[in-house]
>>> print(open('data.pdb').read())   # PDB, C-alpha atoms and all ligand atoms
ATOM      1  CA  MET A   3     -33.437  25.839 -17.936  1.00  0.00           C
ATOM      2  CA  SER A   4     -36.274  28.064 -19.142  1.00  0.00           C
ATOM      3  CA  GLU A   5     -37.061  31.446 -17.652  1.00  0.00           C
ATOM      4  CA  THR A   6     -40.525  30.399 -16.556  1.00  0.00           C
ATOM      5  CA  GLY A   7     -41.995  30.665 -13.076  1.00  0.00           C
ATOM      6  CA  ARG A   8     -39.504  31.427 -10.387  1.00  0.00           C
ATOM      7  CA  ALA A   9     -36.433  30.148 -12.213  1.00  0.00           C
ATOM      8  CA  PRO A  10     -33.443  31.583 -10.389  1.00  0.00           C
ATOM      9  CA  ARG A  11     -31.857  34.628 -11.922  1.00  0.00           C
ATOM     10  CA  SER A  12     -28.484  32.903 -12.280  1.00  0.00           C
ATOM     11  CA  ALA A  13     -29.944  30.200 -14.513  1.00  0.00           C
ATOM     12  CA  ALA A  14     -30.754  32.878 -17.082  1.00  0.00           C
ATOM     13  CA  ALA A  15     -27.599  34.963 -16.658  1.00  0.00           C
ATOM     14  CA  ALA A  16     -25.222  35.327 -19.561  1.00  0.00           C
ATOM     15  CA  PRO A  17     -21.972  33.360 -19.193  1.00  0.00           C
ATOM     16  CA  GLY A  18     -19.489  35.494 -17.332  1.00  0.00           C
ATOM     17  CA  GLU A  19     -22.066  37.774 -15.802  1.00  0.00           C
ATOM     18  CA  LEU A  20     -21.330  38.543 -12.154  1.00  0.00           C
ATOM     19  CA  PRO A  21     -23.793  39.499  -9.428  1.00  0.00           C
ATOM     20  CA  PRO A  22     -23.414  43.080  -8.165  1.00  0.00           C
ATOM     21  CA  GLY A  23     -20.401  43.704  -5.932  1.00  0.00           C
ATOM     22  CA  GLN A  24     -18.685  40.381  -6.730  1.00  0.00           C
ATOM     23  CA  HIS A  25     -15.272  39.748  -8.298  1.00  0.00           C
ATOM     24  CA  LEU A  26     -14.175  36.620 -10.143  1.00  0.00           C
ATOM     25  CA  VAL A  27     -11.794  34.003  -8.717  1.00  0.00           C
ATOM     26  CA  ASP A  28     -10.561  30.864 -10.481  1.00  0.00           C
ATOM     27  CA  THR A  29     -11.026  28.460  -7.587  1.00  0.00           C
ATOM     28  CA  PRO A  30     -13.511  28.814  -4.763  1.00  0.00           C
ATOM     29  CA  VAL A  31     -11.675  29.590  -1.552  1.00  0.00           C
ATOM     30  CA  VAL A  32     -12.181  26.870   1.080  1.00  0.00           C
ATOM     31  CA  MET A  33     -14.082  28.645   3.852  1.00  0.00           C
ATOM     32  CA  HIS A  34     -15.917  27.404   6.897  1.00  0.00           C
ATOM     33  CA  TYR A  35     -16.339  28.007  10.555  1.00  0.00           C
ATOM     34  CA  GLY A  36     -14.866  25.294  12.792  1.00  0.00           C
ATOM     35  CA  ARG A  37     -13.447  21.867  12.062  1.00  0.00           C
ATOM     36  CA  VAL A  38     -13.861  19.368   9.220  1.00  0.00           C
ATOM     37  CA  PRO A  39     -15.919  16.432  10.555  1.00  0.00           C
ATOM     38  CA  GLU A  40     -14.456  12.943  10.741  1.00  0.00           C
ATOM     39  CA  ARG A  41     -17.727  11.029  11.067  1.00  0.00           C
ATOM     40  CA  ASP A  42     -17.956   7.799   9.019  1.00  0.00           C
ATOM     41  CA  PRO A  43     -19.648   8.775   5.724  1.00  0.00           C
ATOM     42  CA  GLU A  44     -21.233   5.283   5.464  1.00  0.00           C
ATOM     43  CA  ALA A  45     -23.096   5.911   8.709  1.00  0.00           C
ATOM     44  CA  TRP A  46     -24.209   9.428   7.702  1.00  0.00           C
ATOM     45  CA  THR A  47     -27.885  10.256   8.135  1.00  0.00           C
ATOM     46  CA  VAL A  48     -30.112  13.095   6.961  1.00  0.00           C
ATOM     47  CA  THR A  49     -32.764  14.223   9.455  1.00  0.00           C
ATOM     48  CA  ILE A  50     -35.835  16.180   8.384  1.00  0.00           C
ATOM     49  CA  GLY A  51     -37.834  17.528  11.277  1.00  0.00           C
ATOM     50  CA  GLY A  52     -39.658  20.563  12.577  1.00  0.00           C
ATOM     51  CA  ALA A  53     -43.082  21.163  11.028  1.00  0.00           C
ATOM     52  CA  THR A  54     -43.267  18.084   8.809  1.00  0.00           C
ATOM     53  CA  ALA A  55     -46.603  17.033   7.288  1.00  0.00           C
ATOM     54  CA  THR A  56     -46.796  14.031   9.638  1.00  0.00           C
ATOM     55  CA  GLY A  57     -45.445  15.900  12.651  1.00  0.00           C
ATOM     56  CA  ALA A  58     -42.732  13.248  12.985  1.00  0.00           C
ATOM     57  CA  GLU A  59     -38.991  13.659  12.573  1.00  0.00           C
ATOM     58  CA  HIS A  60     -37.684  11.516   9.722  1.00  0.00           C
ATOM     59  CA  VAL A  61     -34.148  10.107   9.750  1.00  0.00           C
ATOM     60  CA  PHE A  62     -32.811   8.779   6.448  1.00  0.00           C
ATOM     61  CA  PRO A  63     -29.611   6.817   5.979  1.00  0.00           C
ATOM     62  CA  ILE A  64     -27.514   8.550   3.314  1.00  0.00           C
ATOM     63  CA  GLN A  65     -27.842   5.445   1.107  1.00  0.00           C
ATOM     64  CA  GLU A  66     -31.604   6.008   0.929  1.00  0.00           C
ATOM     65  CA  VAL A  67     -31.174   9.676  -0.011  1.00  0.00           C
ATOM     66  CA  LEU A  68     -28.696   8.771  -2.742  1.00  0.00           C
ATOM     67  CA  ARG A  69     -31.132   6.288  -4.314  1.00  0.00           C
ATOM     68  CA  LEU A  70     -33.031   9.329  -5.637  1.00  0.00           C
ATOM     69  CA  PRO A  71     -32.336  10.291  -9.278  1.00  0.00           C
ATOM     70  CA  THR A  72     -28.819  11.643  -9.775  1.00  0.00           C
ATOM     71  CA  VAL A  73     -28.548  15.005 -11.495  1.00  0.00           C
ATOM     72  CA  THR A  74     -25.591  17.040 -12.714  1.00  0.00           C
ATOM     73  CA  GLU A  75     -25.726  20.777 -13.212  1.00  0.00           C
ATOM     74  CA  VAL A  76     -23.373  23.695 -13.604  1.00  0.00           C
ATOM     75  CA  GLY A  77     -23.604  26.572 -11.154  1.00  0.00           C
ATOM     76  CA  ASP A  78     -21.636  29.442  -9.687  1.00  0.00           C
ATOM     77  CA  MET A  79     -20.546  30.040  -6.107  1.00  0.00           C
ATOM     78  CA  HIS A  80     -21.000  33.526  -4.681  1.00  0.00           C
ATOM     79  CA  CYS A  81     -19.446  34.119  -1.278  1.00  0.00           C
ATOM     80  CA  ALA A  82     -20.790  37.109   0.627  1.00  0.00           C
ATOM     81  CA  THR A  83     -17.142  38.156   1.178  1.00  0.00           C
ATOM     82  CA  ARG A  84     -17.420  39.092  -2.533  1.00  0.00           C
ATOM     83  CA  TRP A  85     -15.710  36.340  -4.497  1.00  0.00           C
ATOM     84  CA  THR A  86     -17.513  34.394  -7.215  1.00  0.00           C
ATOM     85  CA  ALA A  87     -16.272  31.174  -8.824  1.00  0.00           C
ATOM     86  CA  GLN A  88     -18.085  30.309 -12.024  1.00  0.00           C
ATOM     87  CA  GLY A  89     -18.987  27.107 -13.783  1.00  0.00           C
ATOM     88  CA  ILE A  90     -18.708  24.532 -11.019  1.00  0.00           C
ATOM     89  CA  THR A  91     -20.197  21.171 -12.003  1.00  0.00           C
ATOM     90  CA  TRP A  92     -22.209  19.693  -9.160  1.00  0.00           C
ATOM     91  CA  THR A  93     -23.616  16.167  -9.026  1.00  0.00           C
ATOM     92  CA  GLY A  94     -26.114  14.993  -6.463  1.00  0.00           C
ATOM     93  CA  VAL A  95     -29.814  14.687  -5.790  1.00  0.00           C
ATOM     94  CA  ARG A  96     -32.392  17.439  -5.934  1.00  0.00           C
ATOM     95  CA  ALA A  97     -33.409  18.951  -2.594  1.00  0.00           C
ATOM     96  CA  VAL A  98     -37.013  18.901  -3.819  1.00  0.00           C
ATOM     97  CA  ASP A  99     -36.835  15.114  -4.223  1.00  0.00           C
ATOM     98  CA  VAL A 100     -35.387  14.742  -0.725  1.00  0.00           C
ATOM     99  CA  ALA A 101     -38.125  17.004   0.643  1.00  0.00           C
ATOM    100  CA  ALA A 102     -40.737  14.766  -1.007  1.00  0.00           C
ATOM    101  CA  LEU A 103     -39.581  11.929   1.283  1.00  0.00           C
ATOM    102  CA  ALA A 104     -40.611  14.062   4.277  1.00  0.00           C
ATOM    103  CA  PRO A 105     -42.800  16.946   3.110  1.00  0.00           C
ATOM    104  CA  PRO A 106     -43.528  20.120   5.082  1.00  0.00           C
ATOM    105  CA  ALA A 107     -46.786  20.859   6.877  1.00  0.00           C
ATOM    106  CA  PRO A 108     -49.022  23.500   5.307  1.00  0.00           C
ATOM    107  CA  GLY A 109     -47.841  27.004   6.171  1.00  0.00           C
ATOM    108  CA  VAL A 110     -44.120  26.217   6.287  1.00  0.00           C
ATOM    109  CA  THR A 111     -42.166  29.147   4.823  1.00  0.00           C
ATOM    110  CA  THR A 112     -38.562  28.383   5.683  1.00  0.00           C
ATOM    111  CA  ALA A 113     -36.174  25.554   6.394  1.00  0.00           C
ATOM    112  CA  LEU A 114     -33.336  25.790   8.870  1.00  0.00           C
ATOM    113  CA  VAL A 115     -30.714  23.669   7.119  1.00  0.00           C
ATOM    114  CA  PHE A 116     -28.085  22.315   9.479  1.00  0.00           C
ATOM    115  CA  ALA A 117     -24.680  20.743   9.282  1.00  0.00           C
ATOM    116  CA  GLU A 118     -22.410  18.725  11.495  1.00  0.00           C
ATOM    117  CA  PHE A 119     -21.111  20.823  14.434  1.00  0.00           C
ATOM    118  CA  GLY A 120     -24.057  23.190  14.565  1.00  0.00           C
ATOM    119  CA  TYR A 121     -23.574  25.358  11.488  1.00  0.00           C
ATOM    120  CA  ALA A 122     -26.974  26.245  10.039  1.00  0.00           C
ATOM    121  CA  ALA A 123     -28.542  28.552   7.484  1.00  0.00           C
ATOM    122  CA  ASN A 124     -32.169  29.513   7.124  1.00  0.00           C
ATOM    123  CA  VAL A 125     -33.361  29.078   3.557  1.00  0.00           C
ATOM    124  CA  PRO A 126     -36.770  30.122   2.225  1.00  0.00           C
ATOM    125  CA  LEU A 127     -38.687  26.982   1.258  1.00  0.00           C
ATOM    126  CA  GLN A 128     -39.179  28.313  -2.281  1.00  0.00           C
ATOM    127  CA  ASP A 129     -35.391  28.443  -2.741  1.00  0.00           C
ATOM    128  CA  LEU A 130     -34.774  25.029  -1.183  1.00  0.00           C
ATOM    129  CA  LEU A 131     -37.395  23.488  -3.477  1.00  0.00           C
ATOM    130  CA  THR A 132     -36.188  25.160  -6.667  1.00  0.00           C
ATOM    131  CA  ALA A 133     -35.080  22.667  -9.337  1.00  0.00           C
ATOM    132  CA  THR A 134     -31.448  23.821  -9.204  1.00  0.00           C
ATOM    133  CA  ALA A 135     -31.030  23.184  -5.446  1.00  0.00           C
ATOM    134  CA  LEU A 136     -28.959  20.026  -4.964  1.00  0.00           C
ATOM    135  CA  LEU A 137     -27.623  17.940  -2.140  1.00  0.00           C
ATOM    136  CA  ALA A 138     -24.298  17.520  -3.869  1.00  0.00           C
ATOM    137  CA  THR A 139     -21.961  14.552  -3.512  1.00  0.00           C
ATOM    138  CA  HIS A 140     -19.517  15.516  -6.283  1.00  0.00           C
ATOM    139  CA  MET A 141     -17.818  18.720  -7.388  1.00  0.00           C
ATOM    140  CA  ASP A 142     -16.341  18.952 -10.894  1.00  0.00           C
ATOM    141  CA  GLY A 143     -16.719  15.196 -11.359  1.00  0.00           C
ATOM    142  CA  GLU A 144     -14.855  14.162  -8.204  1.00  0.00           C
ATOM    143  CA  PRO A 145     -16.352  13.043  -4.904  1.00  0.00           C
ATOM    144  CA  LEU A 146     -16.441  15.999  -2.522  1.00  0.00           C
ATOM    145  CA  ALA A 147     -13.187  16.413  -0.614  1.00  0.00           C
ATOM    146  CA  PRO A 148     -13.598  16.423   3.177  1.00  0.00           C
ATOM    147  CA  GLU A 149     -13.032  20.186   3.355  1.00  0.00           C
ATOM    148  CA  ARG A 150     -15.580  20.728   0.549  1.00  0.00           C
ATOM    149  CA  GLY A 151     -18.342  19.143   2.590  1.00  0.00           C
ATOM    150  CA  ALA A 152     -18.187  15.360   2.071  1.00  0.00           C
ATOM    151  CA  PRO A 153     -20.391  13.435   1.979  1.00  0.00           C
ATOM    152  CA  LEU A 154     -23.166  15.986   1.296  1.00  0.00           C
ATOM    153  CA  ARG A 155     -23.446  19.709   0.832  1.00  0.00           C
ATOM    154  CA  LEU A 156     -26.355  21.893  -0.137  1.00  0.00           C
ATOM    155  CA  VAL A 157     -25.860  23.891  -3.335  1.00  0.00           C
ATOM    156  CA  ILE A 158     -28.311  26.651  -4.293  1.00  0.00           C
ATOM    157  CA  PRO A 159     -26.483  28.540  -7.040  1.00  0.00           C
ATOM    158  CA  HIS A 160     -28.526  31.773  -7.011  1.00  0.00           C
ATOM    159  CA  LEU A 161     -28.026  32.314  -3.254  1.00  0.00           C
ATOM    160  CA  TYR A 162     -24.821  33.322  -1.480  1.00  0.00           C
ATOM    161  CA  THR A 163     -22.892  30.201  -0.562  1.00  0.00           C
ATOM    162  CA  TRP A 164     -23.296  30.664   3.192  1.00  0.00           C
ATOM    163  CA  LYS A 165     -26.825  29.311   2.469  1.00  0.00           C
ATOM    164  CA  GLY A 166     -25.224  25.997   1.445  1.00  0.00           C
ATOM    165  CA  PRO A 167     -24.086  24.044   4.480  1.00  0.00           C
ATOM    166  CA  LYS A 168     -21.229  21.632   3.878  1.00  0.00           C
ATOM    167  CA  TRP A 169     -21.526  18.345   5.837  1.00  0.00           C
ATOM    168  CA  LEU A 170     -25.297  18.646   5.618  1.00  0.00           C
ATOM    169  CA  ARG A 171     -27.163  16.699   8.306  1.00  0.00           C
ATOM    170  CA  GLY A 172     -30.705  17.787   7.498  1.00  0.00           C
ATOM    171  CA  TRP A 173     -33.229  20.529   8.003  1.00  0.00           C
ATOM    172  CA  ASN A 174     -36.128  21.599  10.172  1.00  0.00           C
ATOM    173  CA  TYR A 175     -39.222  23.049   8.553  1.00  0.00           C
ATOM    174  CA  LEU A 176     -40.241  26.289  10.213  1.00  0.00           C
ATOM    175  CA  LEU A 177     -43.586  28.002  10.575  1.00  0.00           C
ATOM    176  CA  PRO A 178     -43.687  31.805  10.462  1.00  0.00           C
ATOM    177  CA  GLU A 179     -43.715  32.062  14.274  1.00  0.00           C
ATOM    178  CA  ASP A 180     -40.622  29.830  14.754  1.00  0.00           C
ATOM    179  CA  PRO A 181     -37.186  31.355  15.447  1.00  0.00           C
ATOM    180  CA  ASP A 182     -35.478  31.232  12.091  1.00  0.00           C
ATOM    181  CA  ARG A 183     -31.891  32.384  12.225  1.00  0.00           C
ATOM    182  CA  GLY A 184     -28.900  30.304  11.220  1.00  0.00           C
ATOM    183  CA  PHE A 185     -25.244  30.990  11.957  1.00  0.00           C
ATOM    184  CA  TRP A 186     -24.679  34.006   9.704  1.00  0.00           C
ATOM    185  CA  GLU A 187     -28.235  35.272   9.941  1.00  0.00           C
ATOM    186  CA  GLU A 188     -27.652  35.617  13.727  1.00  0.00           C
ATOM    187  CA  ARG A 189     -24.702  37.814  12.797  1.00  0.00           C
ATOM    188  CA  GLY A 190     -26.649  40.247  10.642  1.00  0.00           C
ATOM    189  CA  TYR A 191     -26.760  38.489   7.292  1.00  0.00           C
ATOM    190  CA  HIS A 192     -29.849  38.442   5.107  1.00  0.00           C
ATOM    191  CA  PRO A 193     -32.718  35.971   5.582  1.00  0.00           C
ATOM    192  CA  ARG A 194     -32.915  35.241   1.826  1.00  0.00           C
ATOM    193  CA  GLY A 195     -29.413  35.927   0.495  1.00  0.00           C
ATOM    194  CA  ASP A 196     -30.099  36.112  -3.243  1.00  0.00           C
ATOM    195  CA  ALA A 197     -26.723  37.076  -4.749  1.00  0.00           C
ATOM    196  CA  TRP A 198     -28.360  38.585  -7.865  1.00  0.00           C
ATOM    197  CA  ARG A 199     -30.320  40.983  -5.658  1.00  0.00           C
ATOM    198  CA  GLU A 200     -27.256  41.582  -3.476  1.00  0.00           C
ATOM    199  CA  GLU A 201     -29.099  40.487  -0.345  1.00  0.00           C
ATOM    200  CA  ARG A 202     -26.014  40.405   1.905  1.00  0.00           C
ATOM    201  CA  TYR A 203     -27.159  42.051   5.113  1.00  0.00           C
ATOM    202  CA  ALA A 204     -30.440  41.895   6.985  1.00  0.00           C
ATOM    203  CA  HIS A 205     -30.629  45.694   7.409  1.00  0.00           C
ATOM    204  CA  GLN A 206     -31.195  45.891   3.653  1.00  0.00           C
ATOM    205  CA  GLY A 207     -34.650  44.423   4.419  1.00  0.00           C
TER
HETATM  206  N1  LIG A 301     -20.870  23.513   7.584  1.00  0.00           N
HETATM  207  C1  LIG A 301     -20.518  24.677   7.021  1.00  0.00           C
HETATM  208  N2  LIG A 301     -20.860  24.916   5.744  1.00  0.00           N
HETATM  209  C2  LIG A 301     -20.521  26.075   5.144  1.00  0.00           C
HETATM  210  C3  LIG A 301     -19.806  27.069   5.863  1.00  0.00           C
HETATM  211  C4  LIG A 301     -19.470  26.789   7.223  1.00  0.00           C
HETATM  212  O1  LIG A 301     -18.883  27.621   7.942  1.00  0.00           O
HETATM  213  N3  LIG A 301     -19.829  25.583   7.752  1.00  0.00           N
HETATM  214  N4  LIG A 301     -19.468  28.255   5.243  1.00  0.00           N
HETATM  215  C5  LIG A 301     -20.215  28.621   4.048  1.00  0.00           C
HETATM  216  C6  LIG A 301     -19.554  29.698   3.304  1.00  0.00           C
HETATM  217  S1  LIG A 301     -19.621  31.246   3.987  1.00  0.00           S
HETATM  218  C7  LIG A 301     -18.987  29.493   2.076  1.00  0.00           C
HETATM  219  S2  LIG A 301     -18.374  30.787   1.168  1.00  0.00           S
HETATM  220  C8  LIG A 301     -18.893  28.153   1.480  1.00  0.00           C
HETATM  221  C9  LIG A 301     -17.469  27.868   1.035  1.00  0.00           C
HETATM  222  O2  LIG A 301     -17.408  26.653   0.335  1.00  0.00           O
HETATM  223  P1  LIG A 301     -15.979  26.110  -0.099  1.00  0.00           P
HETATM  224  O3  LIG A 301     -15.181  25.928   1.158  1.00  0.00           O
HETATM  225  O4  LIG A 301     -16.220  24.839  -0.829  1.00  0.00           O
HETATM  226  O5  LIG A 301     -15.360  27.164  -0.986  1.00  0.00           O
HETATM  227  O6  LIG A 301     -19.295  27.139   2.401  1.00  0.00           O
HETATM  228  C10 LIG A 301     -20.471  27.448   3.114  1.00  0.00           C
HETATM  229  N5  LIG A 301     -20.879  26.275   3.851  1.00  0.00           N
HETATM  230 MO    MO A 302     -18.954  32.706   2.324  1.00  0.00          MO
END
>>> encode(input="data.pdb", output="structure tokens")
Amino acid sequence: MSETGRAPRSAAAAPGELPPGQHLVDTPVVMHYGRVPERDPEAWTVTIGGATATGAEHVFPIQEVLRLPTVTEVGDMHCATRWTAQGITWTGVRAVDVAALAPPAPGVTTALVFAEFGYAANVPLQDLLTATALLATHMDGEPLAPERGAPLRLVIPHLYTWKGPKWLRGWNYLLPEDPDRGFWEERGYHPRGDAWREERYAHQG
């Protein structure tokens, strides 16, 4: 990807380059709060609500989401607990294409992306709509394992991975006045979470 516009820093990073304060691991450590869902993946839906352009909440069967163009890209995972796993191949659909099915109202700045069982992360709209943000179905060529977020997980390689809910169920578009904290953001983590800027904690501003 070219270095034009707001291309994420990681897309331009040299192979092997690590964000500040991170160390390399071979395999990303399986990490999540709570249980692995057992909901039928065939009956999975993605709900886009909050400040949508129409004002309505839109519920999409997963089959409709996965009819969007399939893309494969290589990205890194950066956990805020300081491990980085490099060169993961993700396959899925672009978040920007999903958002086009249910666009935001004017003035929306953030999306609160949520998962099964209430996990959520607030993600700036500009990061969610970047070309490298995927709703991934496959990791390294294999369908996502249940503990890796099957059937859908959000992947935004330049952000810390807490910004990528596994078992993604949708998002709510937020206006600047809406409460905007997800699970880790409630616990002091950064609203943006760009790993290349080391945006771990909210007190960093
Ligand atoms: N639903 C959900 N998604 C989540 C989490 C979680 O607790 N629940 N943890 C996040 C964090 S902090 C990390 S580091 C990654 C870990 O992904 P992995 O288990 O595939 O390594 O998942 C992210 N997505
Ligand atoms: Mo993490």
>>> residues_around(input="data.pdb", residues="A:Ile158", least_positions_apart="6", cutoff="8 Å", atoms="all atoms listed in the file", output="PDB file with C-alpha atoms, keeping the file's coordinate frame")
ATOM      1  CA  ASP A 129     -35.391  28.443  -2.741  1.00  0.00           C
ATOM      2  CA  LEU A 130     -34.774  25.029  -1.183  1.00  0.00           C
ATOM      3  CA  THR A 134     -31.448  23.821  -9.204  1.00  0.00           C
ATOM      4  CA  ALA A 135     -31.030  23.184  -5.446  1.00  0.00           C
ATOM      5  CA  LEU A 136     -28.959  20.026  -4.964  1.00  0.00           C
ATOM      6  CA  LYS A 165     -26.825  29.311   2.469  1.00  0.00           C
ATOM      7  CA  GLY A 166     -25.224  25.997   1.445  1.00  0.00           C
TER       8      GLY A 166
END
>>> closest_residue(input="data.pdb", among="A:Tyr35, A:Trp46, A:Trp173, A:Tyr162", to="A:Val115", atoms="all atoms listed in the file")
A:Trp173
>>> residues_near_ligand(input="data.pdb", ligand="ligand MO 302 (chain A)", cutoff="12 Å", atoms="only C-alpha atoms and all ligand atoms", output="PDB file with C-alpha atoms, in the frame of the given file")
ATOM      1  CA  GLN A  24     -18.685  40.381  -6.730  1.00  0.00           C
ATOM      2  CA  PRO A  30     -13.511  28.814  -4.763  1.00  0.00           C
ATOM      3  CA  VAL A  31     -11.675  29.590  -1.552  1.00  0.00           C
ATOM      4  CA  VAL A  32     -12.181  26.870   1.080  1.00  0.00           C
ATOM      5  CA  MET A  33     -14.082  28.645   3.852  1.00  0.00           C
ATOM      6  CA  HIS A  34     -15.917  27.404   6.897  1.00  0.00           C
ATOM      7  CA  TYR A  35     -16.339  28.007  10.555  1.00  0.00           C
ATOM      8  CA  MET A  79     -20.546  30.040  -6.107  1.00  0.00           C
ATOM      9  CA  HIS A  80     -21.000  33.526  -4.681  1.00  0.00           C
ATOM     10  CA  CYS A  81     -19.446  34.119  -1.278  1.00  0.00           C
ATOM     11  CA  ALA A  82     -20.790  37.109   0.627  1.00  0.00           C
ATOM     12  CA  THR A  83     -17.142  38.156   1.178  1.00  0.00           C
ATOM     13  CA  ARG A  84     -17.420  39.092  -2.533  1.00  0.00           C
ATOM     14  CA  TRP A  85     -15.710  36.340  -4.497  1.00  0.00           C
ATOM     15  CA  THR A  86     -17.513  34.394  -7.215  1.00  0.00           C
ATOM     16  CA  ALA A  87     -16.272  31.174  -8.824  1.00  0.00           C
ATOM     17  CA  ALA A 123     -28.542  28.552   7.484  1.00  0.00           C
ATOM     18  CA  LEU A 161     -28.026  32.314  -3.254  1.00  0.00           C
ATOM     19  CA  TYR A 162     -24.821  33.322  -1.480  1.00  0.00           C
ATOM     20  CA  THR A 163     -22.892  30.201  -0.562  1.00  0.00           C
ATOM     21  CA  TRP A 164     -23.296  30.664   3.192  1.00  0.00           C
ATOM     22  CA  LYS A 165     -26.825  29.311   2.469  1.00  0.00           C
ATOM     23  CA  GLY A 166     -25.224  25.997   1.445  1.00  0.00           C
ATOM     24  CA  PRO A 167     -24.086  24.044   4.480  1.00  0.00           C
ATOM     25  CA  LYS A 168     -21.229  21.632   3.878  1.00  0.00           C
ATOM     26  CA  PHE A 185     -25.244  30.990  11.957  1.00  0.00           C
ATOM     27  CA  TRP A 186     -24.679  34.006   9.704  1.00  0.00           C
ATOM     28  CA  TYR A 191     -26.760  38.489   7.292  1.00  0.00           C
ATOM     29  CA  GLY A 195     -29.413  35.927   0.495  1.00  0.00           C
ATOM     30  CA  ALA A 197     -26.723  37.076  -4.749  1.00  0.00           C
ATOM     31  CA  ARG A 202     -26.014  40.405   1.905  1.00  0.00           C
TER      32      ARG A 202
END
>>> closest_residue(input="data.pdb", among="A:Thr74, A:Thr54, A:Thr29, A:Thr111", to="ligand LIG 301 (chain A)", atoms="only C-alpha atoms and all ligand atoms")
A:Thr29
>>> atom_distance(input="data.pdb", atom1="atom CA of A:Gly18", atom2="atom CA of A:Asp78")
10.0 Å
>>> residues_near_point(input="data.pdb", point="(-18.7, 12.8, -12.9)", cutoff="12 Å", atoms="only C-alpha atoms", output="CSV table (one decimal) with C-alpha atoms, in the frame of the given file")
chain,number,residue,atom,x,y,z
A,72,THR,CA,-28.8,11.6,-9.8
A,73,VAL,CA,-28.5,15.0,-11.5
A,74,THR,CA,-25.6,17.0,-12.7
A,75,GLU,CA,-25.7,20.8,-13.2
A,76,VAL,CA,-23.4,23.7,-13.6
A,90,ILE,CA,-18.7,24.5,-11.0
A,91,THR,CA,-20.2,21.2,-12.0
A,92,TRP,CA,-22.2,19.7,-9.2
A,93,THR,CA,-23.6,16.2,-9.0
A,94,GLY,CA,-26.1,15.0,-6.5
A,138,ALA,CA,-24.3,17.5,-3.9
A,139,THR,CA,-22.0,14.6,-3.5
A,140,HIS,CA,-19.5,15.5,-6.3
A,141,MET,CA,-17.8,18.7,-7.4
A,142,ASP,CA,-16.3,19.0,-10.9
A,143,GLY,CA,-16.7,15.2,-11.4
A,144,GLU,CA,-14.9,14.2,-8.2
A,145,PRO,CA,-16.4,13.0,-4.9
A,146,LEU,CA,-16.4,16.0,-2.5
>>> resolve_selection(input="data.pdb", expression="the PyMOL selection byres (((chain A and resi 41) around 12) and not hetatm)", output="list in words")
Arg37, Val38, Pro39, Glu40, Asp42, Pro43, Glu44, Ala45, Trp46, Thr47, Glu118, Phe119, Pro148, Gly151, Ala152, Pro153, Trp169 and Arg171 of chain A
>>> closest_residue(input="data.pdb", among="A:Val48, A:Val157, A:Ala101, A:Leu26", to="A:Val61", atoms="only C-alpha atoms")
A:Val48
>>> resolve_selection(input="data.pdb", expression="the PyMOL selection byres (((chain A and resi 55) around 12) and not hetatm)", output="ChimeraX atom specification")
/A:50-54,56-60,101-110,174-177
>>> closest_residue(input="data.pdb", among="A:Glu149, A:Gly77, A:Leu20, A:Asp99", to="A:Gly36", atoms="only C-alpha atoms")
A:Glu149
>>> resolve_selection(input="data.pdb", expression="the PyMOL selection byres (((chain A and resi 194) around 8) and not hetatm)", output="VMD selection string")
chain A and resid 124 to 126 161 192 to 193 195 to 196 201
>>> atom_distance(input="data.pdb", atom1="atom CA of A:Glu66", atom2="atom S1 of ligand LIG 301 (chain A)")
28.1 Å
>>> atom_distance(input="data.pdb", atom1="atom CA of A:Ala204", atom2="atom CA of A:Gly172")
24.1 Å
>>> closest_residue(input="data.pdb", among="A:Val27, A:Leu68, A:Ala97, A:Leu131", to="ligand LIG 301 (chain A)", atoms="all atoms listed in the file")
A:Val27
>>> axis_aligned_box(input="data.pdb", around="ligand LIG 301 (chain A)", padding_each_side="5 Å", output="AutoDock Vina command-line options")
--center_x -18.0 --center_y 27.4 --center_z 3.5 --size_x 15.7 --size_y 17.7 --size_z 18.9
